[in-house]
$ cat upload-v8.txt   # compact mmCIF, C-alpha atoms
# COMPACT_ATOMS: atom_id res chain seq x y z
CA MET A 1 116.10 126.45 136.69
CA GLN A 2 116.75 123.12 138.44
CA TYR A 3 114.14 120.46 137.86
CA GLU A 4 113.63 116.72 138.07
CA ILE A 5 110.94 114.53 136.63
CA ASN A 6 110.45 111.95 139.36
CA TYR A 7 108.53 108.68 139.77
CA GLU A 8 109.15 107.42 136.27
CA GLY A 9 106.39 105.18 135.04
CA ALA A 10 102.72 105.98 134.83
CA TYR A 11 102.57 108.67 137.52
CA PRO A 12 105.42 111.14 137.19
CA ALA A 13 105.75 114.45 139.01
CA LEU A 14 107.78 117.46 137.96
CA GLU A 15 109.72 118.95 140.85
CA VAL A 16 111.24 122.36 140.30
CA ALA A 17 113.69 123.87 142.80
CA LEU A 18 113.24 127.61 142.49
CA THR A 19 115.88 130.10 143.55
CA PRO A 20 115.13 133.76 144.28
CA GLY A 21 114.36 135.60 141.07
CA GLU A 22 113.20 132.50 139.16
CA THR A 23 109.61 132.10 138.06
CA LEU A 24 107.78 129.02 136.87
CA VAL A 25 104.47 129.32 135.06
CA SER A 26 102.00 126.45 135.09
CA GLU A 27 98.57 125.37 134.06
CA ALA A 28 96.14 126.20 136.89
CA GLY A 29 95.44 123.14 138.99
CA ALA A 30 98.72 121.38 138.21
CA MET A 31 100.39 122.06 141.57
CA ALA A 32 100.44 119.02 143.82
CA TRP A 33 102.70 120.09 146.68
CA MET A 34 105.18 122.87 147.45
CA ASP A 35 107.31 124.44 150.14
CA PRO A 36 105.62 127.25 152.09
CA SER A 37 108.43 129.52 150.92
CA VAL A 38 107.03 129.39 147.37
CA ASP A 39 104.51 132.06 146.43
CA CYS A 40 101.77 131.32 143.97
CA LYS A 41 100.06 134.07 142.00
CA THR A 42 97.09 133.33 139.82
CA ALA A 43 96.65 135.60 136.84
CA ALA A 44 95.17 135.77 133.42
CA ARG A 45 98.67 135.67 132.03
CA GLY A 46 99.44 137.78 128.98
CA GLY A 47 96.34 139.87 129.57
CA ILE A 48 92.68 139.04 129.25
CA GLY A 49 92.82 138.77 125.47
CA ALA A 50 95.61 136.22 125.39
CA SER A 51 94.06 134.27 128.25
CA LEU A 52 90.73 134.17 126.52
CA THR A 53 92.17 132.75 123.35
CA ARG A 54 94.35 130.30 125.23
CA GLY A 55 91.68 129.30 127.72
CA VAL A 56 88.42 129.31 125.84
CA LEU A 57 89.83 128.45 122.47
CA GLY A 58 92.94 126.47 123.26
CA GLY A 59 91.24 124.21 125.76
CA GLU A 60 93.65 125.14 128.52
CA SER A 61 92.76 126.81 131.76
CA PHE A 62 91.93 130.51 131.46
CA PHE A 63 94.27 131.23 134.33
CA GLN A 64 97.87 130.34 134.84
CA ASN A 65 99.79 130.22 138.07
CA SER A 66 103.16 131.81 138.55
CA TYR A 67 105.45 130.40 141.21
CA SER A 68 108.33 132.37 142.66
CA THR A 69 110.26 132.55 145.91
CA THR A 70 112.30 134.98 147.92
CA THR A 71 114.26 132.35 149.86
CA GLY A 72 114.24 129.27 147.65
CA GLY A 73 111.81 126.36 147.60
CA THR A 74 110.44 123.44 145.61
CA VAL A 75 107.16 123.13 143.79
CA ALA A 76 105.81 119.85 142.39
CA LEU A 77 103.47 119.74 139.41
CA VAL A 78 101.57 116.79 138.01
CA SER A 79 99.40 116.24 134.96
CA GLY A 80 95.72 115.37 134.90
CA PRO A 81 95.91 111.94 133.26
CA PRO A 82 98.42 109.22 134.16
CA GLY A 83 101.21 109.21 131.63
CA GLU A 84 104.48 110.94 130.97
CA ILE A 85 105.97 114.41 131.45
CA ARG A 86 108.58 115.63 128.97
CA ALA A 87 110.89 118.59 129.29
CA MET A 88 112.08 120.51 126.27
CA GLU A 89 114.44 123.46 126.13
CA MET A 90 112.98 126.16 123.92
CA THR A 91 115.65 128.11 122.09
CA GLY A 92 113.61 130.21 119.72
CA GLN A 93 111.96 127.30 117.87
CA ARG A 94 108.19 127.01 117.61
CA ILE A 95 106.16 123.92 118.43
CA PHE A 96 102.47 123.18 118.44
CA LEU A 97 100.81 121.44 121.37
CA GLU A 98 97.39 119.81 121.33
CA ARG A 99 94.79 120.87 123.86
CA GLY A 100 95.59 119.75 127.36
CA GLY A 101 99.24 118.92 126.62
CA TYR A 102 100.65 122.00 128.30
CA LEU A 103 101.92 121.60 131.87
CA ALA A 104 104.40 124.36 132.71
CA SER A 105 107.11 126.62 131.33
CA GLY A 106 109.73 129.21 132.10
CA PRO A 107 108.66 132.88 132.20
CA ASN A 108 110.07 133.66 128.73
CA VAL A 109 108.14 130.91 126.97
CA GLN A 110 105.07 132.20 125.13
CA VAL A 111 101.97 130.05 124.88
CA ASP A 112 99.21 131.24 122.53
CA ALA A 113 96.17 129.66 121.02
CA LYS A 114 96.34 129.37 117.28
CA PHE A 115 93.39 128.83 114.97
CA LYS A 116 93.80 125.64 112.97
CA GLY A 117 91.57 126.76 110.17
CA LEU A 118 88.83 124.64 108.69
CA LYS A 119 90.71 121.43 109.34
CA GLY A 120 90.09 122.06 113.03
CA LEU A 121 86.46 121.16 112.43
CA PHE A 122 87.43 117.58 111.89
CA SER A 123 90.04 117.18 114.55
CA GLU A 124 90.42 117.35 118.31
CA GLY A 125 89.71 121.06 118.52
CA MET A 126 89.62 124.25 116.52
CA PHE A 127 92.77 125.57 118.17
CA VAL A 128 96.19 124.36 119.11
CA LEU A 129 98.67 125.96 121.44
CA GLN A 130 101.65 127.58 119.81
CA VAL A 131 104.71 127.59 122.03
CA SER A 132 107.67 129.85 121.32
CA GLY A 133 110.33 131.86 123.13
CA SER A 134 113.15 130.53 125.24
CA GLY A 135 113.41 128.49 128.41
CA PRO A 136 112.08 125.14 129.61
CA LEU A 137 108.73 123.80 128.44
CA PHE A 138 107.04 120.84 130.16
CA PHE A 139 104.30 118.93 128.44
CA ASN A 140 102.32 115.88 129.44
CA SER A 141 100.38 113.04 127.89
CA PHE A 142 97.89 110.29 128.56
CA GLY A 143 100.14 107.23 128.30
CA ASP A 144 103.72 107.17 127.05
CA ILE A 145 105.20 109.76 124.75
CA SER A 146 106.97 108.66 121.57
CA GLU A 147 109.08 111.04 119.55
CA VAL A 148 108.93 110.39 115.81
CA GLN A 149 111.40 111.99 113.43
CA VAL A 150 109.45 112.75 110.26
CA GLU A 151 111.36 112.94 106.99
CA GLY A 152 108.79 113.28 104.27
CA GLU A 153 105.39 112.05 105.34
CA TYR A 154 103.91 110.37 108.41
CA ILE A 155 100.39 109.59 109.63
CA VAL A 156 99.13 110.04 113.21
CA ASP A 157 95.60 109.44 114.42
CA ASN A 158 94.45 112.83 115.64
CA GLY A 159 93.46 111.53 119.07
CA TYR A 160 97.07 110.48 119.67
CA ALA A 161 98.94 113.52 118.32
CA LEU A 162 100.39 115.54 121.18
CA ALA A 163 102.91 118.02 119.77
CA TRP A 164 104.87 118.75 116.62
CA ASP A 165 107.53 121.07 115.31
CA ALA A 166 106.20 124.12 113.50
CA SER A 167 108.39 123.12 110.55
CA LEU A 168 105.88 120.38 109.75
CA ASP A 169 102.73 120.93 107.70
CA TYR A 170 99.79 118.67 108.09
CA THR A 171 96.42 117.93 106.57
CA ILE A 172 93.49 116.10 108.12
CA SER A 173 92.37 113.11 106.14
CA ARG A 174 90.92 109.66 106.36
CA THR A 175 93.15 106.61 106.44
CA SER A 176 91.61 105.29 103.27
CA LYS A 177 90.08 106.85 100.18
CA LYS A 178 87.39 104.20 99.91
CA ILE A 179 83.80 105.16 100.70
CA ARG A 180 83.23 101.92 102.55
CA SER A 181 86.07 102.70 104.90
CA PHE A 182 84.66 106.16 105.51
CA LEU A 183 81.24 104.81 106.43
CA PHE A 184 82.47 102.10 108.74
CA GLY A 185 84.68 103.15 111.55
CA ASP A 186 87.54 104.75 109.70
CA GLN A 187 89.87 107.01 111.66
CA LEU A 188 90.59 110.66 111.03
CA VAL A 189 94.31 111.15 110.83
CA MET A 190 96.82 113.95 110.62
CA ARG A 191 99.10 113.52 107.64
CA PHE A 192 102.33 115.33 108.45
CA ASN A 193 104.62 116.57 105.77
CA GLY A 194 108.14 118.00 105.91
CA HIS A 195 111.06 117.59 108.28
CA GLY A 196 110.62 117.73 112.02
CA ARG A 197 109.53 115.89 115.12
CA VAL A 198 106.09 114.67 116.15
CA TRP A 199 105.31 113.56 119.69
CA THR A 200 102.50 111.06 120.13
CA GLN A 201 100.81 109.73 123.24
CA SER A 202 100.06 106.03 123.58
CA ARG A 203 96.50 106.35 124.89
CA ALA A 204 93.65 108.58 123.73
CA PRO A 205 91.40 110.37 126.26
CA ARG A 206 88.58 110.34 123.72
CA SER A 207 88.68 106.55 123.32
CA MET A 208 88.73 105.99 127.04
CA GLY A 209 85.86 108.46 127.45
CA ALA A 210 83.87 106.48 124.90
CA TRP A 211 84.71 103.29 126.75
CA VAL A 212 83.40 104.57 130.09
CA TYR A 213 80.22 106.04 128.58
CA PRO A 214 78.08 102.88 128.93
CA TYR A 215 78.91 102.69 132.65
CA ARG A 216 76.96 105.85 133.43
CA ARG A 217 73.93 105.33 135.64
CA ALA A 218 70.53 105.36 134.05
CA LYS A 219 68.57 108.52 134.79
CA SER A 220 66.04 107.94 137.54
CA ASN A 221 62.60 109.39 136.98
CA MET B 1 107.39 91.32 109.56
CA ARG B 2 108.74 92.23 112.97
CA THR B 3 106.60 92.96 116.02
CA GLU B 4 107.73 94.74 119.16
CA ILE B 5 105.94 95.78 122.32
CA ILE B 6 106.94 99.32 123.24
CA GLY B 7 106.31 101.58 126.22
CA HIS B 8 106.09 101.38 129.99
CA ASN B 9 104.17 98.61 131.71
CA ALA B 10 101.14 100.78 132.24
CA PHE B 11 100.92 102.00 128.65
CA GLN B 12 102.24 99.41 126.28
CA SER B 13 101.58 99.51 122.59
CA LEU B 14 102.50 97.32 119.66
CA ARG B 15 104.84 98.39 116.90
CA VAL B 16 104.78 96.37 113.70
CA GLU B 17 107.40 96.73 110.99
CA LEU B 18 106.19 95.56 107.63
CA GLY B 19 108.26 94.83 104.54
CA ALA B 20 107.01 95.49 101.02
CA GLY B 21 103.82 93.52 100.35
CA GLU B 22 103.40 92.35 103.95
CA ARG B 23 100.06 92.65 105.70
CA PHE B 24 98.65 92.98 109.20
CA VAL B 25 95.13 93.10 110.62
CA SER B 26 93.69 94.90 113.65
CA GLU B 27 90.40 95.76 115.19
CA ALA B 28 89.27 99.04 113.58
CA GLY B 29 90.25 102.21 115.42
CA LYS B 30 93.39 100.91 117.15
CA MET B 31 95.95 102.69 114.98
CA VAL B 32 98.06 105.33 116.75
CA ARG B 33 100.46 106.21 113.95
CA MET B 34 101.91 104.75 110.80
CA SER B 35 104.13 105.36 107.79
CA THR B 36 102.53 106.71 104.64
CA THR B 37 103.92 103.69 102.78
CA ILE B 38 101.20 101.64 104.45
CA ASP B 39 97.69 101.44 103.06
CA SER B 40 94.95 100.93 105.56
CA GLU B 41 91.49 99.79 104.66
CA VAL B 42 88.53 99.12 106.91
CA GLN B 43 86.57 95.99 106.15
CA SER B 44 83.55 94.60 107.84
CA VAL B 45 83.87 91.13 109.26
CA ALA B 46 81.41 90.05 106.60
CA LYS B 47 84.36 89.15 104.40
CA SER B 48 85.54 86.63 106.92
CA GLY B 49 82.67 85.01 108.70
CA GLY B 50 79.56 86.61 107.25
CA ILE B 51 77.13 89.09 108.73
CA MET B 52 76.23 86.67 111.48
CA GLY B 53 79.88 86.43 112.33
CA GLY B 54 80.03 90.18 112.55
CA LEU B 55 77.01 90.37 114.80
CA LYS B 56 78.42 87.71 117.05
CA ARG B 57 81.65 89.63 117.32
CA MET B 58 79.75 92.73 118.33
CA LEU B 59 77.96 90.80 121.04
CA GLY B 60 81.36 89.66 122.15
CA GLY B 61 82.34 93.27 122.74
CA GLU B 62 84.47 93.42 119.63
CA SER B 63 84.25 95.91 116.84
CA PHE B 64 82.33 94.90 113.74
CA PHE B 65 85.20 96.12 111.63
CA PHE B 66 88.79 95.27 110.93
CA SER B 67 91.54 97.51 109.63
CA HIS B 68 93.74 95.80 107.06
CA TYR B 69 97.22 97.21 106.64
CA THR B 70 99.27 96.54 103.53
CA ALA B 71 102.79 97.86 103.02
CA ARG B 72 103.56 99.24 99.55
CA SER B 73 107.13 99.49 100.74
CA ALA B 74 108.77 99.05 104.15
CA GLY B 75 107.12 100.93 106.99
CA GLU B 76 105.64 100.73 110.47
CA VAL B 77 102.27 100.72 112.21
CA VAL B 78 101.75 101.36 115.93
CA LEU B 79 98.61 100.05 117.62
CA ALA B 80 97.38 100.70 121.18
CA PRO B 81 94.65 99.38 123.45
CA THR B 82 92.06 101.76 124.92
CA LEU B 83 92.78 101.24 128.61
CA PRO B 84 96.02 101.49 130.57
CA GLY B 85 97.99 98.27 130.74
CA ASN B 86 100.03 95.65 128.95
CA VAL B 87 99.65 94.32 125.48
CA GLY B 88 99.22 90.55 125.41
CA PHE B 89 101.22 88.73 122.77
CA GLN B 90 101.27 85.16 121.49
CA GLN B 91 103.20 83.70 118.59
CA LEU B 92 100.90 81.02 117.24
CA ASP B 93 102.65 78.02 115.74
CA GLY B 94 99.61 76.22 114.38
CA ARG B 95 99.76 73.59 117.12
CA CYS B 96 96.62 74.94 118.74
CA GLY B 97 94.33 77.95 118.64
CA TRP B 98 93.43 80.54 121.25
CA TYR B 99 90.11 81.77 122.54
CA CYS B 100 90.06 85.54 123.14
CA ALA B 101 87.55 86.49 125.82
CA GLY B 102 85.57 89.65 126.47
CA GLY B 103 86.62 91.83 123.58
CA SER B 104 90.32 91.12 124.06
CA TYR B 105 91.18 90.54 120.39
CA MET B 106 93.28 93.46 119.17
CA ALA B 107 95.36 92.47 116.16
CA SER B 108 96.92 89.55 114.31
CA GLY B 109 99.13 88.52 111.44
CA PRO B 110 97.58 87.90 108.01
CA GLU B 111 97.65 84.10 108.36
CA ILE B 112 95.60 84.10 111.55
CA LYS B 113 91.97 83.19 111.07
CA THR B 114 89.51 84.64 113.59
CA GLU B 115 85.99 83.40 114.13
CA PRO B 116 83.45 84.25 116.78
CA LYS B 117 82.33 81.28 118.87
CA TRP B 118 78.98 81.54 120.56
CA GLN B 119 79.16 80.42 124.17
CA GLY B 120 75.54 79.34 124.33
CA VAL B 121 73.62 79.18 127.56
CA LYS B 122 76.68 78.89 129.78
CA GLY B 123 77.78 82.29 128.56
CA MET B 124 74.45 83.93 129.17
CA PHE B 125 74.64 83.82 132.93
CA SER B 126 78.25 84.75 133.15
CA GLY B 127 77.93 88.49 132.85
CA GLU B 128 80.87 88.13 130.53
CA SER B 129 80.40 88.49 126.82
CA LEU B 130 78.62 85.59 125.23
CA VAL B 131 81.12 85.20 122.50
CA PHE B 132 84.75 84.25 122.42
CA VAL B 133 86.81 84.95 119.34
CA HIS B 134 88.72 81.88 118.25
CA ALA B 135 92.08 82.60 116.61
CA SER B 136 93.99 79.92 114.77
CA GLY B 137 96.78 79.63 112.25
CA ILE B 138 100.41 80.66 112.29
CA GLY B 139 101.67 84.10 113.26
CA PRO B 140 101.34 86.77 115.92
CA LEU B 141 98.16 87.25 117.94
CA VAL B 142 97.88 90.48 119.93
CA LEU B 143 95.49 91.06 122.81
CA ASP B 144 94.06 94.04 124.62
CA ALA B 145 94.45 93.92 128.38
CA PHE B 146 93.68 96.06 131.38
CA GLY B 147 96.55 96.14 133.86
CA MET B 148 99.38 93.64 133.91
CA VAL B 149 99.24 90.44 131.91
CA SER B 150 100.39 87.14 133.25
CA GLU B 151 100.54 83.75 131.62
CA GLU B 152 99.64 80.63 133.58
CA GLN B 153 100.56 77.13 132.49
CA VAL B 154 97.63 74.96 133.47
CA ASP B 155 98.17 71.29 134.12
CA GLY B 156 95.15 69.90 135.88
CA SER B 157 92.73 72.61 136.80
CA PHE B 158 92.67 76.37 137.20
CA THR B 159 90.00 78.95 138.03
CA VAL B 160 89.83 82.53 136.73
CA ASP B 161 87.27 85.25 137.39
CA THR B 162 85.61 86.03 134.07
CA GLY B 163 86.59 89.70 134.35
CA HIS B 164 90.27 88.79 134.57
CA LEU B 165 90.43 86.39 131.67
CA VAL B 166 92.18 87.55 128.51
CA ALA B 167 92.68 84.43 126.42
CA PHE B 168 93.36 80.71 126.63
CA GLU B 169 94.53 77.83 124.49
CA ASP B 170 91.80 75.75 122.89
CA THR B 171 93.34 72.54 124.23
CA LEU B 172 91.72 73.38 127.58
CA GLN B 173 88.22 72.37 128.57
CA TYR B 174 86.25 74.91 130.49
CA THR B 175 82.99 75.49 132.29
CA ILE B 176 81.52 78.76 133.45
CA SER B 177 80.20 78.69 136.99
CA LYS B 178 79.72 80.73 140.10
CA ALA B 179 82.74 81.46 142.25
CA GLY B 180 81.77 79.32 145.21
CA GLY B 181 79.16 78.56 147.83
CA SER B 182 75.53 79.00 146.99
CA TRP B 183 74.17 81.18 144.22
CA LEU B 184 73.10 83.68 146.87
CA ASN B 185 76.56 83.77 148.46
CA SER B 186 78.12 84.26 145.11
CA PHE B 187 75.78 87.13 144.31
CA LEU B 188 76.28 88.88 147.64
CA ALA B 189 80.04 88.49 147.60
CA GLY B 190 80.14 90.18 144.23
CA GLU B 191 82.51 87.55 142.97
CA GLY B 192 80.29 86.83 140.03
CA PHE B 193 81.40 84.13 137.72
CA VAL B 194 84.49 82.15 137.15
CA ILE B 195 85.80 79.98 134.40
CA ARG B 196 87.07 76.61 135.52
CA PHE B 197 89.68 75.17 133.23
CA THR B 198 90.75 71.57 133.10
CA GLY B 199 93.42 69.87 131.02
CA ARG B 200 96.72 71.24 129.76
CA GLY B 201 97.35 74.57 128.16
CA LYS B 202 98.14 78.22 128.70
CA VAL B 203 95.80 80.84 130.14
CA MET B 204 96.48 84.57 129.91
CA VAL B 205 95.03 86.65 132.71
CA GLN B 206 94.95 90.39 133.44
CA SER B 207 95.45 92.02 136.84
CA HIS B 208 92.49 94.39 136.55
CA ASN B 209 88.85 94.05 135.73
CA MET B 210 87.39 96.53 133.24
CA LYS B 211 83.89 96.26 134.64
CA GLU B 212 85.06 97.08 138.14
CA PHE B 213 86.85 100.16 136.86
CA GLY B 214 83.85 101.21 134.79
CA SER B 215 81.57 100.91 137.77
CA VAL B 216 83.91 103.15 139.79
CA LEU B 217 83.88 105.87 137.14
CA GLY B 218 80.31 105.54 135.85
CA PRO B 219 78.53 107.03 138.88
CA LYS B 220 80.74 110.14 138.65
CA LEU B 221 79.36 110.94 135.22
CA PRO B 222 76.04 112.58 134.37
CA PRO B 223 73.35 109.90 134.08
CA ARG B 224 72.36 108.74 130.65
$ encode --input "upload-v8.txt" --output "structure tokens"
Amino acid sequence: MQYEINYEGAYPALEVALTPGETLVSEAGAMAWMDPSVDCKTAARGGIGASLTRGVLGGESFFQNSYSTTTGGTVALVSGPPGEIRAMEMTGQRIFLERGGYLASGPNVQVDAKFKGLKGLFSEGMFVLQVSGSGPLFFNSFGDISEVQVEGEYIVDNGYALAWDASLDYTISRTSKKIRSFLFGDQLVMRFNGHGRVWTQSRAPRSMGAWVYPYRRAKSN
Amino acid sequence: MRTEIIGHNAFQSLRVELGAGERFVSEAGKMVRMSTTIDSEVQSVAKSGGIMGGLKRMLGGESFFFSHYTARSAGEVVLAPTLPGNVGFQQLDGRCGWYCAGGSYMASGPEIKTEPKWQGVKGMFSGESLVFVHASGIGPLVLDAFGMVSEEQVDGSFTVDTGHLVAFEDTLQYTISKAGGSWLNSFLAGEGFVIRFTGRGKVMVQSHNMKEFGSVLGPKLPPR
């Protein structure tokens, strides 16, 4: 599959040149423009059960679009927030993606919602997306993506964690053990453990949401 | 200690490398990621400036709390602003201090002293926060910005819209006033208030105005 990530900077677009027989799967709503020779099918991919867990629980769209072509054509996908798009070749490894980080993938890449367990209660969501299989995976962020090689332990604020290798364990904790810190504006963090990569984004949708909150209009009575 | 601004223009963040025993301070809640060799502790401003100081900072749009980072052994901390844009950076040499306007203080080295400075009546009409944070001492001072940051060397006089001001050297004199014409003109034109600087010193400005952006997004949200 031929692809390019164009317009480097804050507003990238992923352009995939499909040849007959190739299929690209994407998050519903990610398509920005495409050749008329590209067909788009919307489906609850993987069956209703898998879509339900991925959509309702994983925070992704319930539906996914599949793009294919009989003559060849290009489809361009973009992410919701301004930021970065990364491509990764899946070769049987497993990675976890936070809600909203998934953009698109090849047809043999599996994306499932996975229950985080109790620690999900304290973090961005109860579920993460588990990505496995083989082929290209495209994920996106709010802000820039940094790749951190973890050897041992590393701390990431949970609003900024985007993806991590399944080889890493993590626990949710506070930055400090002190009660005072807990009461006054401490951050909840993910404490990663093991060997593997973590991808972080440089802005947090939650923080920006909190920033815009006071600008809402007052309710008129 | 080594500081480095990382990332694209639109999404810069600050990476700080600390050696064993070295410290760094930021506004609470700015940490993106860090090594486990770094201890972070949240302290209220009360420790440096008293409760009144803390309240003043809050009025100034700053957080009431600081995060203090201490390295047990070498490690890194990455800090990011909330909005898209640059990170403003100044290496203070002790020659003069800086005023940080409108909640722009983000982080600083351990030898930088920060105090809120009440702007009095001239601040009250400005629509800008009433409090500037004054930073002095020797070391790095890091500022939050929205959009691109540019540094202007003022020699004589210079005028900045209050929404575009990030920080300025305390060697400058300043007055807060309306942008021009009559009060009515100023109001209707939506230009609001400007800060007029005189003297010699540096002014850091940002290309975008947070309030303008907020007022674009706010009406799209459910009312409060």
$ closest_residue --input "upload-v8.txt" --among "B:Ser136, B:Tyr99, B:Pro116, B:Glu152" --to "Phe168 of chain B" --atoms "all atoms listed in the file"
B:Tyr99
$ interface_residues --input "upload-v8.txt" --of "chain B" --to "chain A" --cutoff "8 Å" --atoms "only C-alpha atoms" --output "PyMOL selection string"
chain B and resi 7-13+28-29+31-36+39-44+65+80-84+214-215+217-224
$ atom_distance --input "upload-v8.txt" --atom1 "atom CA of Ile138 of chain B" --atom2 "atom CA of Gln119 of chain B"
24.3 Å
$ atom_distance --input "upload-v8.txt" --atom1 "atom CA of Val198 of chain A" --atom2 "atom CA of Asp112 of chain A"
19.0 Å
$ axis_aligned_box --input "upload-v8.txt" --around "segment 197-211 of chain A" --padding-each-side "5 Å" --output "AutoDock Vina command-line options"
--center_x 96.7 --center_y 109.6 --center_z 121.3 --size_x 35.7 --size_y 22.6 --size_z 22.3
$ residues_near_point --input "upload-v8.txt" --point "(84.7, 82.4, 135.2)" --cutoff "6 Å" --atoms "only C-alpha atoms" --output "number ranges by chain"
B: 160-162, 176, 193-195
$ closest_residue --input "upload-v8.txt" --among "A:Trp164, A:Tyr7, A:Phe138, A:Trp33" --to "Arg86 of chain A" --atoms "only C-alpha atoms"
A:Phe138
$ atom_distance --input "upload-v8.txt" --atom1 "atom CA of Gln206 of chain B" --atom2 "atom CA of Arg15 of chain B"
20.9 Å
$ closest_residue --input "upload-v8.txt" --among "B:Val131, B:Val87, B:Leu18, B:Leu92" --to "Arg72 of chain B" --atoms "only C-alpha atoms"
B:Leu18
$ closest_residue --input "upload-v8.txt" --among "B:Leu143, B:Met204, B:Ala167, B:Leu79" --to "Phe24 of chain B" --atoms "only C-alpha atoms"
B:Leu79
$ residues_around --input "upload-v8.txt" --residues "Ile112 of chain B" --least-positions-apart "3" --cutoff "7 Å" --atoms "all atoms listed in the file" --output "tab-separated table (two decimals) with C-alpha atoms, in the frame of the given file"
chain	number	residue	atom	x	y	z
B	108	SER	CA	96.92	89.55	114.31
B	109	GLY	CA	99.13	88.52	111.44
B	135	ALA	CA	92.08	82.60	116.61
B	136	SER	CA	93.99	79.92	114.77
B	137	GLY	CA	96.78	79.63	112.25
B	138	ILE	CA	100.41	80.66	112.29
B	139	GLY	CA	101.67	84.10	113.26
$ closest_residue --input "upload-v8.txt" --among "B:Glu76, B:Tyr105, B:Glu4, B:Gly147" --to "Glu17 of chain B" --atoms "all atoms listed in the file"
B:Glu76
$ closest_residue --input "upload-v8.txt" --among "A:Ala13, A:Leu162, A:Val128, A:Ala43" --to "Val25 of chain A" --atoms "all atoms listed in the file"
A:Ala43
$ residues_around --input "upload-v8.txt" --residues "Met106 of chain B" --least-positions-apart "3" --cutoff "7 Å" --atoms "only C-alpha atoms" --output "MDAnalysis selection string"
chainID B and resid 26:27 142:144
$ residues_around --input "upload-v8.txt" --residues "Met148 of chain B" --least-positions-apart "2" --cutoff "8 Å" --atoms "all atoms listed in the file" --output "PyMOL selection string"
chain B and resi 9-10+85-86+145-146+150+206-208
$ write_last_selection --input "upload-v8.txt" --atoms "C-alpha atoms" --output "compact mmCIF listing (two decimals), in the frame of the given file"
# COMPACT_ATOMS: atom_id res chain seq x y z
CA ASN B 9 104.17 98.61 131.71
CA ALA B 10 101.14 100.78 132.24
CA GLY B 85 97.99 98.27 130.74
CA ASN B 86 100.03 95.65 128.95
CA ALA B 145 94.45 93.92 128.38
CA PHE B 146 93.68 96.06 131.38
CA SER B 150 100.39 87.14 133.25
CA GLN B 206 94.95 90.39 133.44
CA SER B 207 95.45 92.02 136.84
CA HIS B 208 92.49 94.39 136.55
$ residues_around --input "upload-v8.txt" --residues "Glu151 of chain A" --least-positions-apart "4" --cutoff "9 Å" --atoms "all atoms listed in the file" --output "NGL selection string"
:A and (193-197)
